[in-house]
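Just work_25.pdb here, PDB, C-alpha atoms and all ligand atoms:
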ATOM      1  CA  PHE J   1     -23.628  13.700  39.660
ATOM      2  CA  ALA J   2     -27.345  13.258  39.131
ATOM      3  CA  ASN J   3     -28.076  15.625  41.979
ATOM      4  CA  ALA J   4     -26.437  18.085  44.338
ATOM      5  CA  ALA J   5     -27.202  15.998  47.429
ATOM      6  CA  GLN J   6     -25.085  13.070  46.187
ATOM      7  CA  ALA J   7     -22.315  15.413  45.084
ATOM      8  CA  SER J   8     -22.332  17.206  48.424
ATOM      9  CA  ARG J   9     -21.899  13.931  50.290
ATOM     10  CA  LEU J  10     -18.739  13.165  48.292
ATOM     11  CA  ILE J  11     -17.281  16.567  49.161
ATOM     12  CA  ALA J  12     -18.220  16.245  52.839
ATOM     13  CA  GLU J  13     -16.554  12.821  52.934
ATOM     14  CA  GLU J  14     -13.354  14.293  51.538
ATOM     15  CA  ILE J  15     -13.419  17.086  54.125
ATOM     16  CA  ALA J  16     -14.078  14.607  56.943
ATOM     17  CA  ALA J  17     -11.183  12.393  55.771
ATOM     18  CA  LEU J  18      -8.873  15.420  55.739
ATOM     19  CA  ILE J  19      -9.935  16.459  59.253
ATOM     20  CA  ARG J  20      -9.471  12.933  60.643
ATOM     21  CA  ASP J  21      -6.124  12.466  58.926
ATOM     22  CA  LYS J  22      -4.845  15.753  60.369
ATOM     23  CA  ALA J  23      -6.213  14.853  63.819
ATOM     24  CA  ASP J  24      -4.364  11.516  63.710
ATOM     25  CA  LYS J  25      -1.160  13.457  63.038
ATOM     26  CA  LYS J  26      -1.990  16.002  65.779
ATOM     27  CA  GLN J  27      -2.222  18.699  63.114
ATOM     28  CA  LYS J  28      -4.814  21.316  62.176
ATOM     29  CA  ALA J  29      -6.939  21.102  59.029
ATOM     30  CA  VAL J  30      -7.149  24.539  57.381
ATOM     31  CA  LEU J  31     -10.321  24.962  55.361
ATOM     32  CA  GLY J  32     -11.354  27.755  53.016
ATOM     33  CA  LEU J  33     -15.139  28.042  53.107
ATOM     34  CA  ALA J  34     -17.795  29.575  50.906
ATOM     35  CA  THR J  35     -21.335  30.822  51.474
ATOM     36  CA  GLY J  36     -24.322  30.907  49.122
ATOM     37  CA  SER J  37     -26.527  28.029  48.097
ATOM     38  CA  SER J  38     -23.822  25.773  46.628
ATOM     39  CA  PRO J  39     -22.139  24.569  49.873
ATOM     40  CA  LEU J  40     -25.350  24.128  51.881
ATOM     41  CA  GLY J  41     -25.579  20.371  51.263
ATOM     42  CA  VAL J  42     -21.932  19.924  52.227
ATOM     43  CA  TYR J  43     -22.456  21.768  55.512
ATOM     44  CA  LYS J  44     -25.612  19.773  56.216
ATOM     45  CA  GLU J  45     -23.718  16.516  55.738
ATOM     46  CA  LEU J  46     -20.787  17.689  57.899
ATOM     47  CA  ILE J  47     -23.254  18.557  60.683
ATOM     48  CA  ARG J  48     -24.790  15.094  60.348
ATOM     49  CA  MET J  49     -21.344  13.487  60.561
ATOM     50  CA  HIS J  50     -20.598  15.553  63.683
ATOM     51  CA  LYS J  51     -23.862  14.596  65.380
ATOM     52  CA  GLU J  52     -24.149  10.976  64.282
ATOM     53  CA  GLU J  53     -20.580   9.845  63.699
ATOM     54  CA  GLY J  54     -18.647  11.944  66.200
ATOM     55  CA  LEU J  55     -16.676  13.912  63.602
ATOM     56  CA  SER J  56     -14.905  16.579  65.649
ATOM     57  CA  PHE J  57     -13.900  20.022  64.378
ATOM     58  CA  GLN J  58     -11.626  20.794  67.338
ATOM     59  CA  ASN J  59      -8.580  20.714  65.060
ATOM     60  CA  VAL J  60     -10.139  22.756  62.249
ATOM     61  CA  ILE J  61      -9.267  26.338  61.314
ATOM     62  CA  THR J  62     -11.494  28.079  58.774
ATOM     63  CA  PHE J  63     -11.194  31.117  56.533
ATOM     64  CA  ASN J  64     -14.262  32.285  54.668
ATOM     65  CA  LEU J  65     -13.907  33.704  51.205
ATOM     66  CA  ASP J  66     -15.876  36.888  51.529
ATOM     67  CA  GLU J  67     -18.348  39.233  53.176
ATOM     68  CA  TYR J  68     -20.431  42.107  51.887
ATOM     69  CA  TYR J  69     -19.206  45.595  52.748
ATOM     70  CA  PRO J  70     -20.516  47.277  54.722
ATOM     71  CA  MET J  71     -22.284  44.547  56.669
ATOM     72  CA  GLN J  72     -23.212  44.030  60.309
ATOM     73  CA  PRO J  73     -22.646  40.425  61.452
ATOM     74  CA  THR J  74     -26.183  40.195  62.820
ATOM     75  CA  SER J  75     -27.853  41.281  59.553
ATOM     76  CA  LEU J  76     -30.022  38.765  57.782
ATOM     77  CA  GLN J  77     -27.684  38.769  54.765
ATOM     78  CA  SER J  78     -24.402  38.675  56.670
ATOM     79  CA  TYR J  79     -22.048  35.829  55.821
ATOM     80  CA  VAL J  80     -21.064  35.697  59.511
ATOM     81  CA  ARG J  81     -24.671  34.937  60.339
ATOM     82  CA  PHE J  82     -24.946  32.518  57.405
ATOM     83  CA  MET J  83     -21.962  30.508  58.613
ATOM     84  CA  LYS J  84     -23.191  30.395  62.208
ATOM     85  CA  GLU J  85     -26.657  29.252  61.207
ATOM     86  CA  ASN J  86     -25.591  26.772  58.555
ATOM     87  CA  LEU J  87     -22.488  25.289  60.161
ATOM     88  CA  PHE J  88     -20.617  26.763  63.108
ATOM     89  CA  ASP J  89     -23.431  26.771  65.689
ATOM     90  CA  GLU J  90     -24.008  23.058  65.012
ATOM     91  CA  ILE J  91     -20.432  21.765  65.345
ATOM     92  CA  ASP J  92     -17.646  21.893  67.935
ATOM     93  CA  ILE J  93     -15.229  24.233  66.175
ATOM     94  CA  PRO J  94     -13.423  26.534  68.649
ATOM     95  CA  PRO J  95     -14.765  30.056  67.930
ATOM     96  CA  ASP J  96     -11.237  31.489  67.796
ATOM     97  CA  ASN J  97     -10.459  29.185  64.853
ATOM     98  CA  VAL J  98     -13.113  30.835  62.661
ATOM     99  CA  HIS J  99     -12.177  33.715  60.336
ATOM    100  CA  ILE J 100     -14.577  35.711  58.182
ATOM    101  CA  PRO J 101     -13.834  39.072  56.534
ATOM    102  CA  ASP J 102     -15.114  41.902  58.727
ATOM    103  CA  GLY J 103     -17.796  43.993  57.066
ATOM    104  CA  THR J 104     -17.976  46.460  59.965
ATOM    105  CA  LEU J 105     -14.536  48.043  59.590
ATOM    106  CA  PRO J 106     -14.111  51.709  58.763
ATOM    107  CA  ARG J 107     -12.937  52.130  55.203
ATOM    108  CA  ASP J 108      -9.421  53.233  56.175
ATOM    109  CA  LYS J 109      -8.852  50.008  58.151
ATOM    110  CA  VAL J 110      -9.864  47.567  55.421
ATOM    111  CA  ALA J 111      -6.517  47.288  53.605
ATOM    112  CA  GLU J 112      -4.684  46.535  56.857
ATOM    113  CA  PHE J 113      -7.326  43.936  57.788
ATOM    114  CA  CYS J 114      -6.970  42.244  54.385
ATOM    115  CA  ALA J 115      -3.176  42.018  54.663
ATOM    116  CA  GLU J 116      -3.569  40.532  58.165
ATOM    117  CA  TYR J 117      -6.161  38.025  56.859
ATOM    118  CA  GLU J 118      -3.634  36.673  54.375
ATOM    119  CA  ARG J 119      -0.944  36.631  57.046
ATOM    120  CA  LEU J 120      -3.193  34.529  59.282
ATOM    121  CA  ILE J 121      -3.748  32.026  56.454
ATOM    122  CA  THR J 122       0.012  31.767  55.909
ATOM    123  CA  ASP J 123       0.694  31.445  59.649
ATOM    124  CA  ALA J 124      -1.851  28.611  59.836
ATOM    125  CA  GLY J 125       0.226  26.767  57.237
ATOM    126  CA  GLY J 126      -1.859  27.733  54.181
ATOM    127  CA  LEU J 127      -5.228  26.386  53.080
ATOM    128  CA  ASP J 128      -5.423  22.605  52.801
ATOM    129  CA  LEU J 129      -8.692  22.783  50.901
ATOM    130  CA  GLN J 130     -10.727  25.652  49.482
ATOM    131  CA  ILE J 131     -14.315  24.995  48.497
ATOM    132  CA  LEU J 132     -15.804  27.297  45.912
ATOM    133  CA  GLY J 133     -19.086  28.100  44.243
ATOM    134  CA  ILE J 134     -19.151  29.965  40.943
ATOM    135  CA  GLY J 135     -21.109  33.105  40.160
ATOM    136  CA  ARG J 136     -22.779  33.679  36.802
ATOM    137  CA  THR J 137     -20.078  36.295  36.077
ATOM    138  CA  GLY J 138     -17.432  33.583  36.523
ATOM    139  CA  HIS J 139     -16.434  34.973  39.905
ATOM    140  CA  ILE J 140     -14.840  32.800  42.584
ATOM    141  CA  GLY J 141     -15.092  34.381  45.987
ATOM    142  CA  PHE J 142     -16.127  37.859  44.945
ATOM    143  CA  ASN J 143     -13.313  38.136  42.415
ATOM    144  CA  GLU J 144     -15.343  39.578  39.582
ATOM    145  CA  PRO J 145     -14.324  39.848  35.894
ATOM    146  CA  GLY J 146     -11.150  41.932  35.697
ATOM    147  CA  SER J 147      -9.556  40.410  38.798
ATOM    148  CA  PRO J 148      -5.875  39.673  38.134
ATOM    149  CA  LEU J 149      -4.318  36.287  38.839
ATOM    150  CA  ASP J 150      -2.150  37.775  41.579
ATOM    151  CA  SER J 151      -4.959  39.781  43.211
ATOM    152  CA  SER J 152      -4.772  39.897  46.972
ATOM    153  CA  THR J 153      -7.496  39.954  49.601
ATOM    154  CA  ARG J 154      -9.185  43.307  49.130
ATOM    155  CA  LEU J 155     -12.256  45.493  48.891
ATOM    156  CA  VAL J 156     -13.985  44.985  45.531
ATOM    157  CA  THR J 157     -16.966  46.373  43.634
ATOM    158  CA  LEU J 158     -19.620  43.766  42.932
ATOM    159  CA  ASP J 159     -20.677  43.135  39.353
ATOM    160  CA  TYR J 160     -24.161  44.168  38.266
ATOM    161  CA  VAL J 161     -25.066  40.511  37.547
ATOM    162  CA  THR J 162     -23.920  39.466  41.018
ATOM    163  CA  ARG J 163     -26.032  42.189  42.612
ATOM    164  CA  THR J 164     -29.008  41.058  40.518
ATOM    165  CA  ASP J 165     -28.529  37.487  41.721
ATOM    166  CA  ALA J 166     -28.402  38.716  45.339
ATOM    167  CA  ALA J 167     -31.467  40.963  44.959
ATOM    168  CA  SER J 168     -33.970  38.515  46.427
ATOM    169  CA  ASP J 169     -31.850  38.058  49.583
ATOM    170  CA  PHE J 170     -31.885  41.825  50.084
ATOM    171  CA  PHE J 171     -35.514  42.452  49.112
ATOM    172  CA  GLY J 172     -34.498  44.415  46.014
ATOM    173  CA  GLN J 173     -31.308  45.064  44.068
ATOM    174  CA  GLU J 174     -31.105  48.639  45.363
ATOM    175  CA  ASN J 175     -30.441  47.218  48.840
ATOM    176  CA  VAL J 176     -27.544  44.963  47.786
ATOM    177  CA  PRO J 177     -24.207  46.437  48.940
ATOM    178  CA  ARG J 178     -22.019  47.673  46.082
ATOM    179  CA  LYS J 179     -18.858  46.393  47.698
ATOM    180  CA  ALA J 180     -17.472  43.291  49.363
ATOM    181  CA  ILE J 181     -14.246  42.104  50.937
ATOM    182  CA  THR J 182     -12.942  39.003  49.181
ATOM    183  CA  MET J 183     -10.006  36.673  49.483
ATOM    184  CA  GLY J 184      -7.911  37.330  46.378
ATOM    185  CA  ILE J 185      -7.288  34.982  43.471
ATOM    186  CA  GLY J 186      -3.668  34.774  44.648
ATOM    187  CA  ALA J 187      -4.694  33.331  48.010
ATOM    188  CA  ILE J 188      -7.194  30.909  46.453
ATOM    189  CA  MET J 189      -4.571  29.662  43.984
ATOM    190  CA  LYS J 190      -2.182  28.941  46.867
ATOM    191  CA  SER J 191      -4.643  26.470  48.417
ATOM    192  CA  LYS J 192      -3.264  22.918  48.251
ATOM    193  CA  ARG J 193      -6.556  21.755  46.787
ATOM    194  CA  CYS J 194      -9.686  23.449  45.432
ATOM    195  CA  ILE J 195     -13.137  21.987  44.902
ATOM    196  CA  LEU J 196     -15.502  24.009  42.735
ATOM    197  CA  MET J 197     -19.185  23.090  42.977
ATOM    198  CA  ALA J 198     -21.911  23.985  40.511
ATOM    199  CA  TRP J 199     -25.530  22.905  40.610
ATOM    200  CA  GLY J 200     -28.434  23.730  38.359
ATOM    201  CA  GLU J 201     -28.963  24.664  34.742
ATOM    202  CA  ASN J 202     -28.412  28.384  35.307
ATOM    203  CA  LYS J 203     -24.719  27.602  35.934
ATOM    204  CA  ALA J 204     -24.262  25.522  32.748
ATOM    205  CA  ARG J 205     -23.008  28.371  30.524
ATOM    206  CA  ILE J 206     -20.466  29.738  32.969
ATOM    207  CA  VAL J 207     -19.305  26.221  33.909
ATOM    208  CA  GLN J 208     -18.535  25.565  30.236
ATOM    209  CA  LYS J 209     -16.527  28.809  29.997
ATOM    210  CA  ALA J 210     -14.738  28.169  33.284
ATOM    211  CA  ILE J 211     -13.644  24.645  32.392
ATOM    212  CA  GLU J 212     -13.269  24.708  28.611
ATOM    213  CA  GLY J 213     -12.891  28.384  27.842
ATOM    214  CA  GLU J 214      -9.679  30.284  27.230
ATOM    215  CA  LEU J 215      -7.893  31.494  30.310
ATOM    216  CA  SER J 216      -9.175  35.012  30.854
ATOM    217  CA  GLU J 217      -9.318  37.734  33.442
ATOM    218  CA  GLN J 218     -12.891  38.207  32.238
ATOM    219  CA  VAL J 219     -13.810  34.788  33.666
ATOM    220  CA  PRO J 220     -11.795  34.527  36.883
ATOM    221  CA  ALA J 221     -12.813  30.880  37.435
ATOM    222  CA  THR J 222     -10.691  29.990  34.350
ATOM    223  CA  TYR J 223      -7.612  30.601  36.532
ATOM    224  CA  LEU J 224      -8.385  27.291  38.230
ATOM    225  CA  GLN J 225      -7.409  25.531  34.988
ATOM    226  CA  GLN J 226      -3.848  26.396  36.048
ATOM    227  CA  HIS J 227      -4.277  25.180  39.613
ATOM    228  CA  PRO J 228      -2.471  21.835  40.002
ATOM    229  CA  ASN J 229      -5.109  20.194  42.200
ATOM    230  CA  THR J 230      -8.638  21.347  41.474
ATOM    231  CA  LEU J 231     -11.714  19.146  41.347
ATOM    232  CA  TYR J 232     -14.888  20.355  39.642
ATOM    233  CA  VAL J 233     -17.987  18.735  41.106
ATOM    234  CA  LEU J 234     -20.997  19.238  38.890
ATOM    235  CA  GLU J 235     -24.622  18.350  38.885
ATOM    236  CA  GLU J 236     -25.685  16.966  35.511
ATOM    237  CA  SER J 237     -27.851  20.011  34.874
ATOM    238  CA  ALA J 238     -24.817  22.290  35.289
ATOM    239  CA  SER J 239     -22.704  20.242  32.874
ATOM    240  CA  THR J 240     -24.946  20.244  29.792
ATOM    241  CA  GLU J 241     -22.895  22.834  27.863
ATOM    242  CA  LEU J 242     -19.592  20.944  28.182
ATOM    243  CA  SER J 243     -18.370  19.445  24.919
TER     244      SER J 243
HETATM  245  C1  LIG V   1     -19.771  32.960  48.376
HETATM  246  C2  LIG V   1     -18.941  33.197  47.192
HETATM  247  C3  LIG V   1     -19.530  33.241  45.829
HETATM  248  C4  LIG V   1     -20.558  32.146  45.570
HETATM  249  C5  LIG V   1     -21.141  32.263  44.167
HETATM  250  C6  LIG V   1     -22.198  31.218  43.888
HETATM  251  O1  LIG V   1     -18.982  32.961  49.547
HETATM  252  O2  LIG V   1     -17.770  33.384  47.328
HETATM  253  O3  LIG V   1     -18.505  33.154  44.878
HETATM  254  O4  LIG V   1     -19.944  30.900  45.735
HETATM  255  O5  LIG V   1     -21.685  33.532  43.988
HETATM  256  O6  LIG V   1     -23.284  31.433  44.741
HETATM  257  P1  LIG V   1     -24.418  30.324  44.890
HETATM  258  O7  LIG V   1     -23.764  29.150  45.529
HETATM  259  O8  LIG V   1     -25.433  30.946  45.830
HETATM  260  O9  LIG V   1     -24.929  30.036  43.542
END
Show me, as structure tokens, the structure contained in the file I just sent.
Amino acid sequence: FANAAQASRLIAEEIAALIRDKADKKQKAVLGLATGSSPLGVYKELIRMHKEEGLSFQNVITFNLDEYYPMQPTSLQSYVRFMKENLFDEIDIPPDNVHIPDGTLPRDKVAEFCAEYERLITDAGGLDLQILGIGRTGHIGFNEPGSPLDSSTRLVTLDYVTRTDAASDFFGQENVPRKAITMGIGAIMKSKRCILMAWGENKARIVQKAIEGELSEQVPATYLQQHPNTLYVLEESASTELS
């Protein structure tokens, strides 16, 4: 796509079609959501569709990929806050249908929470669609280099590059949490469909590795090459290194 706005509209249309199709069948649409700059245009378009076209989210269940740890939901950098401000507060999704990893848990409760998170996804019938951004390390969710294919939802240590990229949000790298809770690669790979978005020239190198590179634990996004139903949606500027 020439620009992210056009690309985002295509993705929002696919999500809307999924939601409407499930509603027609009296079923729930189970969405895996991401934060960061990449999905912002998609959320903006979904909000527009809700307000102008009556798209309802009453039958939608969501699971976010990740949250910093530790993190209070009211903090400026919290992904709970991000999702409220950029999507949930503007649509009619029932609050109980929203799931985001909890950055407030004591350390000894995290593993149990993560196992329960995966159980909830399974009980909901599995993810129908997972949308993903890609980090410059090749992470999806916060599955940094070294994450195994069968990794489960868990507490992880953020890569130095990821913390550098988050520095401006936290007013300095020293303030970026060292840890995060992330949905595992295993759970992402079980999604019936994945859409990976990448905009901007600073993603071009990692996009090339993710799509054309050898499958490697060092670039977790390469795992998606083995996913049977993944769409990569790229802005031209992010696709310049592809052969
Ligand atoms: C966010 C997430 C991350 C981001 C990635 C790209 O929930 O899981 O993997 O998608 O770091 O971030 P942006 O979109 O800000 O370039």
Original post:
Where does the PyMOL selection byres (((chain J and resi 242) around 9) and not hetatm) land in this file, that is, which residues does it pick, as a list in words?
Top reply: Ala204, Arg205, Val207, Gln208, Lys209, Ile211, Glu212, Ala238, Ser239, Thr240, Glu241 and Ser243 of chain J
Original post:
Evaluating the PyMOL selection byres (((not hetatm)) within 10 of (chain V and resi 1)) on the displayed file yields which residues, as an NGL selection string?
Top reply: :J and (32-40 or 64-68 or 79 or 82-83 or 131-144 or 162-163 or 165-166 or 182-183 or 196-200 or 202-203 or 221)
What would the file look like if the residues just selected were written as a PDB file, in the frame of the given file with C-alpha atoms?
ATOM      1  CA  GLY J  32     -11.354  27.755  53.016  1.00  0.00           C
ATOM      2  CA  LEU J  33     -15.139  28.042  53.107  1.00  0.00           C
ATOM      3  CA  ALA J  34     -17.795  29.575  50.906  1.00  0.00           C
ATOM      4  CA  THR J  35     -21.335  30.822  51.474  1.00  0.00           C
ATOM      5  CA  GLY J  36     -24.322  30.907  49.122  1.00  0.00           C
ATOM      6  CA  SER J  37     -26.527  28.029  48.097  1.00  0.00           C
ATOM      7  CA  SER J  38     -23.822  25.773  46.628  1.00  0.00           C
ATOM      8  CA  PRO J  39     -22.139  24.569  49.873  1.00  0.00           C
ATOM      9  CA  LEU J  40     -25.350  24.128  51.881  1.00  0.00           C
ATOM     10  CA  ASN J  64     -14.262  32.285  54.668  1.00  0.00           C
ATOM     11  CA  LEU J  65     -13.907  33.704  51.205  1.00  0.00           C
ATOM     12  CA  ASP J  66     -15.876  36.888  51.529  1.00  0.00           C
ATOM     13  CA  GLU J  67     -18.348  39.233  53.176  1.00  0.00           C
ATOM     14  CA  TYR J  68     -20.431  42.107  51.887  1.00  0.00           C
ATOM     15  CA  TYR J  79     -22.048  35.829  55.821  1.00  0.00           C
ATOM     16  CA  PHE J  82     -24.946  32.518  57.405  1.00  0.00           C
ATOM     17  CA  MET J  83     -21.962  30.508  58.613  1.00  0.00           C
ATOM     18  CA  ILE J 131     -14.315  24.995  48.497  1.00  0.00           C
ATOM     19  CA  LEU J 132     -15.804  27.297  45.912  1.00  0.00           C
ATOM     20  CA  GLY J 133     -19.086  28.100  44.243  1.00  0.00           C
ATOM     21  CA  ILE J 134     -19.151  29.965  40.943  1.00  0.00           C
ATOM     22  CA  GLY J 135     -21.109  33.105  40.160  1.00  0.00           C
ATOM     23  CA  ARG J 136     -22.779  33.679  36.802  1.00  0.00           C
ATOM     24  CA  THR J 137     -20.078  36.295  36.077  1.00  0.00           C
ATOM     25  CA  GLY J 138     -17.432  33.583  36.523  1.00  0.00           C
ATOM     26  CA  HIS J 139     -16.434  34.973  39.905  1.00  0.00           C
ATOM     27  CA  ILE J 140     -14.840  32.800  42.584  1.00  0.00           C
ATOM     28  CA  GLY J 141     -15.092  34.381  45.987  1.00  0.00           C
ATOM     29  CA  PHE J 142     -16.127  37.859  44.945  1.00  0.00           C
ATOM     30  CA  ASN J 143     -13.313  38.136  42.415  1.00  0.00           C
ATOM     31  CA  GLU J 144     -15.343  39.578  39.582  1.00  0.00           C
ATOM     32  CA  THR J 162     -23.920  39.466  41.018  1.00  0.00           C
ATOM     33  CA  ARG J 163     -26.032  42.189  42.612  1.00  0.00           C
ATOM     34  CA  ASP J 165     -28.529  37.487  41.721  1.00  0.00           C
ATOM     35  CA  ALA J 166     -28.402  38.716  45.339  1.00  0.00           C
ATOM     36  CA  THR J 182     -12.942  39.003  49.181  1.00  0.00           C
ATOM     37  CA  MET J 183     -10.006  36.673  49.483  1.00  0.00           C
ATOM     38  CA  LEU J 196     -15.502  24.009  42.735  1.00  0.00           C
ATOM     39  CA  MET J 197     -19.185  23.090  42.977  1.00  0.00           C
ATOM     40  CA  ALA J 198     -21.911  23.985  40.511  1.00  0.00           C
ATOM     41  CA  TRP J 199     -25.530  22.905  40.610  1.00  0.00           C
ATOM     42  CA  GLY J 200     -28.434  23.730  38.359  1.00  0.00           C
ATOM     43  CA  ASN J 202     -28.412  28.384  35.307  1.00  0.00           C
ATOM     44  CA  LYS J 203     -24.719  27.602  35.934  1.00  0.00           C
ATOM     45  CA  ALA J 221     -12.813  30.880  37.435  1.00  0.00           C
TER      46      ALA J 221
END
Subject >> Coordinates-based distance that separates atom CA of J:Ala167 from atom CA of J:Pro145 (Å, one decimal) >> reply: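 That distance, rounded to one decimal, is 19.4 Å.
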**OP:** Considering only C-alpha atoms, return as a ChimeraX atom specification whatever protein or nucleic-acid residues lie within 7 Å of J:Ile195, sequence-local ones (same chain, fewer than 5 positions apart) excluded.
**Re:** /J:130-132,230-233
**OP:** Give as a count of residues only the residues that the PyMOL selection byres (((chain J and resi 87-92) around 8) and not hetatm) matches when applied to the coordinates above.
**Re:** 14
